[in-house]
Amino acid sequence: MARKYIDCRDYPGDIKCTVALSADTDEELLEAVVQHGTRVHGYSDTPEFRQKIRKEFKEGRPAN
Ligand SMILES: [Zn+2]
């Protein structure tokens, strides 16, 4: 199974954030990103937000 990730550096804007999250499963990554997004970036945990996150998953590992 391919490892997937979300790298906050790909989304400059609201808050300068250099956190990258990765996991082996979509579910784990989704939960991690939702927690990070709501706590650090002030997003609301909604079905729409979760849908958006899923579309942004990238395969592989975040660049250094
Ligand atoms: Zn972030």
# chains A, B, ... in the order shown; residues from 1 in each chain; ligands from 1
call {"tool": "residues_near_ligand", "arguments": {"ligand": "ligand 1", "cutoff": "12 Å", "atoms": "only C-alpha atoms and all ligand atoms", "output": "compact mmCIF listing (two decimals) with C-alpha atoms, in the first residue's frame"}}
result
# COMPACT_ATOMS: atom_id res chain seq x y z
CA ILE A 6 -0.51 16.07 3.13
CA ASP A 7 2.14 18.77 3.37
CA CYS A 8 1.03 22.13 4.77
CA ARG A 9 3.83 23.82 2.83
CA ASP A 10 1.78 23.10 -0.32
CA TYR A 11 -0.93 25.39 1.03
CA PRO A 12 0.56 28.76 1.83
CA GLY A 13 -1.89 31.28 3.14
CA ASP A 14 -3.64 31.73 6.45
CA ILE A 15 -0.93 30.50 8.78
CA LYS A 16 2.70 29.80 7.99
CA CYS A 17 2.83 26.11 8.74
CA THR A 18 5.50 23.60 7.76
CA VAL A 19 3.89 20.48 9.18
CA ALA A 20 3.62 17.38 6.99
CA LEU A 21 1.36 14.50 7.94
CA ALA A 32 -4.65 13.34 11.53
CA VAL A 33 -5.31 16.11 9.04
CA VAL A 34 -8.73 16.90 10.49
CA GLN A 35 -7.23 17.21 13.97
CA HIS A 36 -4.38 19.36 12.72
CA GLY A 37 -6.62 21.48 10.49
CA THR A 38 -9.15 22.22 13.20
CA ARG A 39 -6.63 22.90 15.99
CA VAL A 40 -3.96 24.78 14.11
CA HIS A 41 -5.77 26.29 11.14
CA GLY A 42 -9.17 26.89 12.66
CA TYR A 43 -11.16 24.84 10.14
call {"tool": "select_by_dssp", "arguments": {"residues": "chain A", "states": "helix (DSSP H, G or I)", "output": "ChimeraX atom specification"}}
result
/A:8-10,26-40,47-56
call {"tool": "write_last_selection", "arguments": {"atoms": "N, CA and C atoms", "output": "PDB file, in the first residue's frame"}}
result
ATOM      1  N   CYS A   8       1.581  20.776   4.612  1.00  0.00           N
ATOM      2  CA  CYS A   8       1.033  22.131   4.770  1.00  0.00           C
ATOM      3  C   CYS A   8       1.812  23.156   3.945  1.00  0.00           C
ATOM      4  N   ARG A   9       3.044  22.869   3.626  1.00  0.00           N
ATOM      5  CA  ARG A   9       3.830  23.821   2.829  1.00  0.00           C
ATOM      6  C   ARG A   9       3.268  23.972   1.423  1.00  0.00           C
ATOM      7  N   ASP A  10       2.427  22.998   0.984  1.00  0.00           N
ATOM      8  CA  ASP A  10       1.777  23.104  -0.324  1.00  0.00           C
ATOM      9  C   ASP A  10       0.611  24.081  -0.298  1.00  0.00           C
ATOM     10  N   ASP A  26      -5.872   5.861   4.270  1.00  0.00           N
ATOM     11  CA  ASP A  26      -6.635   7.093   4.105  1.00  0.00           C
ATOM     12  C   ASP A  26      -7.293   7.520   5.407  1.00  0.00           C
ATOM     13  N   GLU A  27      -7.821   6.535   6.143  1.00  0.00           N
ATOM     14  CA  GLU A  27      -8.542   6.861   7.369  1.00  0.00           C
ATOM     15  C   GLU A  27      -7.635   7.508   8.399  1.00  0.00           C
ATOM     16  N   GLU A  28      -6.452   6.933   8.588  1.00  0.00           N
ATOM     17  CA  GLU A  28      -5.504   7.493   9.556  1.00  0.00           C
ATOM     18  C   GLU A  28      -5.090   8.897   9.154  1.00  0.00           C
ATOM     19  N   LEU A  29      -4.800   9.057   7.870  1.00  0.00           N
ATOM     20  CA  LEU A  29      -4.352  10.368   7.403  1.00  0.00           C
ATOM     21  C   LEU A  29      -5.474  11.387   7.538  1.00  0.00           C
ATOM     22  N   LEU A  30      -6.681  10.978   7.188  1.00  0.00           N
ATOM     23  CA  LEU A  30      -7.819  11.887   7.291  1.00  0.00           C
ATOM     24  C   LEU A  30      -7.994  12.370   8.730  1.00  0.00           C
ATOM     25  N   GLU A  31      -7.943  11.454   9.686  1.00  0.00           N
ATOM     26  CA  GLU A  31      -8.112  11.841  11.089  1.00  0.00           C
ATOM     27  C   GLU A  31      -7.014  12.787  11.541  1.00  0.00           C
ATOM     28  N   ALA A  32      -5.780  12.495  11.129  1.00  0.00           N
ATOM     29  CA  ALA A  32      -4.652  13.339  11.527  1.00  0.00           C
ATOM     30  C   ALA A  32      -4.785  14.742  10.948  1.00  0.00           C
ATOM     31  N   VAL A  33      -5.197  14.808   9.688  1.00  0.00           N
ATOM     32  CA  VAL A  33      -5.312  16.112   9.035  1.00  0.00           C
ATOM     33  C   VAL A  33      -6.490  16.904   9.612  1.00  0.00           C
ATOM     34  N   VAL A  34      -7.578  16.211   9.901  1.00  0.00           N
ATOM     35  CA  VAL A  34      -8.732  16.904  10.490  1.00  0.00           C
ATOM     36  C   VAL A  34      -8.343  17.490  11.847  1.00  0.00           C
ATOM     37  N   GLN A  35      -7.649  16.707  12.663  1.00  0.00           N
ATOM     38  CA  GLN A  35      -7.231  17.215  13.974  1.00  0.00           C
ATOM     39  C   GLN A  35      -6.303  18.407  13.832  1.00  0.00           C
ATOM     40  N   HIS A  36      -5.326  18.278  12.938  1.00  0.00           N
ATOM     41  CA  HIS A  36      -4.378  19.361  12.719  1.00  0.00           C
ATOM     42  C   HIS A  36      -5.089  20.594  12.148  1.00  0.00           C
ATOM     43  N   GLY A  37      -5.932  20.372  11.157  1.00  0.00           N
ATOM     44  CA  GLY A  37      -6.618  21.479  10.494  1.00  0.00           C
ATOM     45  C   GLY A  37      -7.540  22.252  11.424  1.00  0.00           C
ATOM     46  N   THR A  38      -8.227  21.530  12.307  1.00  0.00           N
ATOM     47  CA  THR A  38      -9.147  22.216  13.202  1.00  0.00           C
ATOM     48  C   THR A  38      -8.404  22.918  14.331  1.00  0.00           C
ATOM     49  N   ARG A  39      -7.357  22.295  14.855  1.00  0.00           N
ATOM     50  CA  ARG A  39      -6.633  22.897  15.987  1.00  0.00           C
ATOM     51  C   ARG A  39      -5.727  24.029  15.555  1.00  0.00           C
ATOM     52  N   VAL A  40      -4.976  23.811  14.499  1.00  0.00           N
ATOM     53  CA  VAL A  40      -3.957  24.782  14.113  1.00  0.00           C
ATOM     54  C   VAL A  40      -4.499  25.823  13.141  1.00  0.00           C
ATOM     55  N   PRO A  47     -18.330  17.486   6.892  1.00  0.00           N
ATOM     56  CA  PRO A  47     -18.198  16.503   5.803  1.00  0.00           C
ATOM     57  C   PRO A  47     -17.543  17.117   4.569  1.00  0.00           C
ATOM     58  N   GLU A  48     -17.838  18.384   4.302  1.00  0.00           N
ATOM     59  CA  GLU A  48     -17.239  19.063   3.148  1.00  0.00           C
ATOM     60  C   GLU A  48     -15.730  19.194   3.313  1.00  0.00           C
ATOM     61  N   PHE A  49     -15.311  19.565   4.529  1.00  0.00           N
ATOM     62  CA  PHE A  49     -13.880  19.706   4.801  1.00  0.00           C
ATOM     63  C   PHE A  49     -13.176  18.370   4.616  1.00  0.00           C
ATOM     64  N   ARG A  50     -13.784  17.294   5.137  1.00  0.00           N
ATOM     65  CA  ARG A  50     -13.186  15.964   5.001  1.00  0.00           C
ATOM     66  C   ARG A  50     -13.097  15.535   3.534  1.00  0.00           C
ATOM     67  N   GLN A  51     -14.128  15.887   2.775  1.00  0.00           N
ATOM     68  CA  GLN A  51     -14.140  15.575   1.351  1.00  0.00           C
ATOM     69  C   GLN A  51     -12.992  16.277   0.641  1.00  0.00           C
ATOM     70  N   LYS A  52     -12.801  17.538   0.984  1.00  0.00           N
ATOM     71  CA  LYS A  52     -11.738  18.339   0.378  1.00  0.00           C
ATOM     72  C   LYS A  52     -10.374  17.750   0.693  1.00  0.00           C
ATOM     73  N   ILE A  53     -10.185  17.355   1.942  1.00  0.00           N
ATOM     74  CA  ILE A  53      -8.902  16.792   2.351  1.00  0.00           C
ATOM     75  C   ILE A  53      -8.585  15.534   1.558  1.00  0.00           C
ATOM     76  N   ARG A  54      -9.562  14.663   1.432  1.00  0.00           N
ATOM     77  CA  ARG A  54      -9.343  13.401   0.709  1.00  0.00           C
ATOM     78  C   ARG A  54      -8.835  13.638  -0.713  1.00  0.00           C
ATOM     79  N   LYS A  55      -9.339  14.678  -1.351  1.00  0.00           N
ATOM     80  CA  LYS A  55      -8.922  14.971  -2.721  1.00  0.00           C
ATOM     81  C   LYS A  55      -7.481  15.447  -2.795  1.00  0.00           C
ATOM     82  N   GLU A  56      -6.964  15.933  -1.660  1.00  0.00           N
ATOM     83  CA  GLU A  56      -5.614  16.491  -1.658  1.00  0.00           C
ATOM     84  C   GLU A  56      -4.549  15.470  -1.268  1.00  0.00           C
TER      85      GLU A  56
END
call {"tool": "select_by_dssp", "arguments": {"residues": "chain A", "states": "strand (DSSP E or B)", "output": "ChimeraX atom specification"}}
result
/A:4-7,20-23,58-59
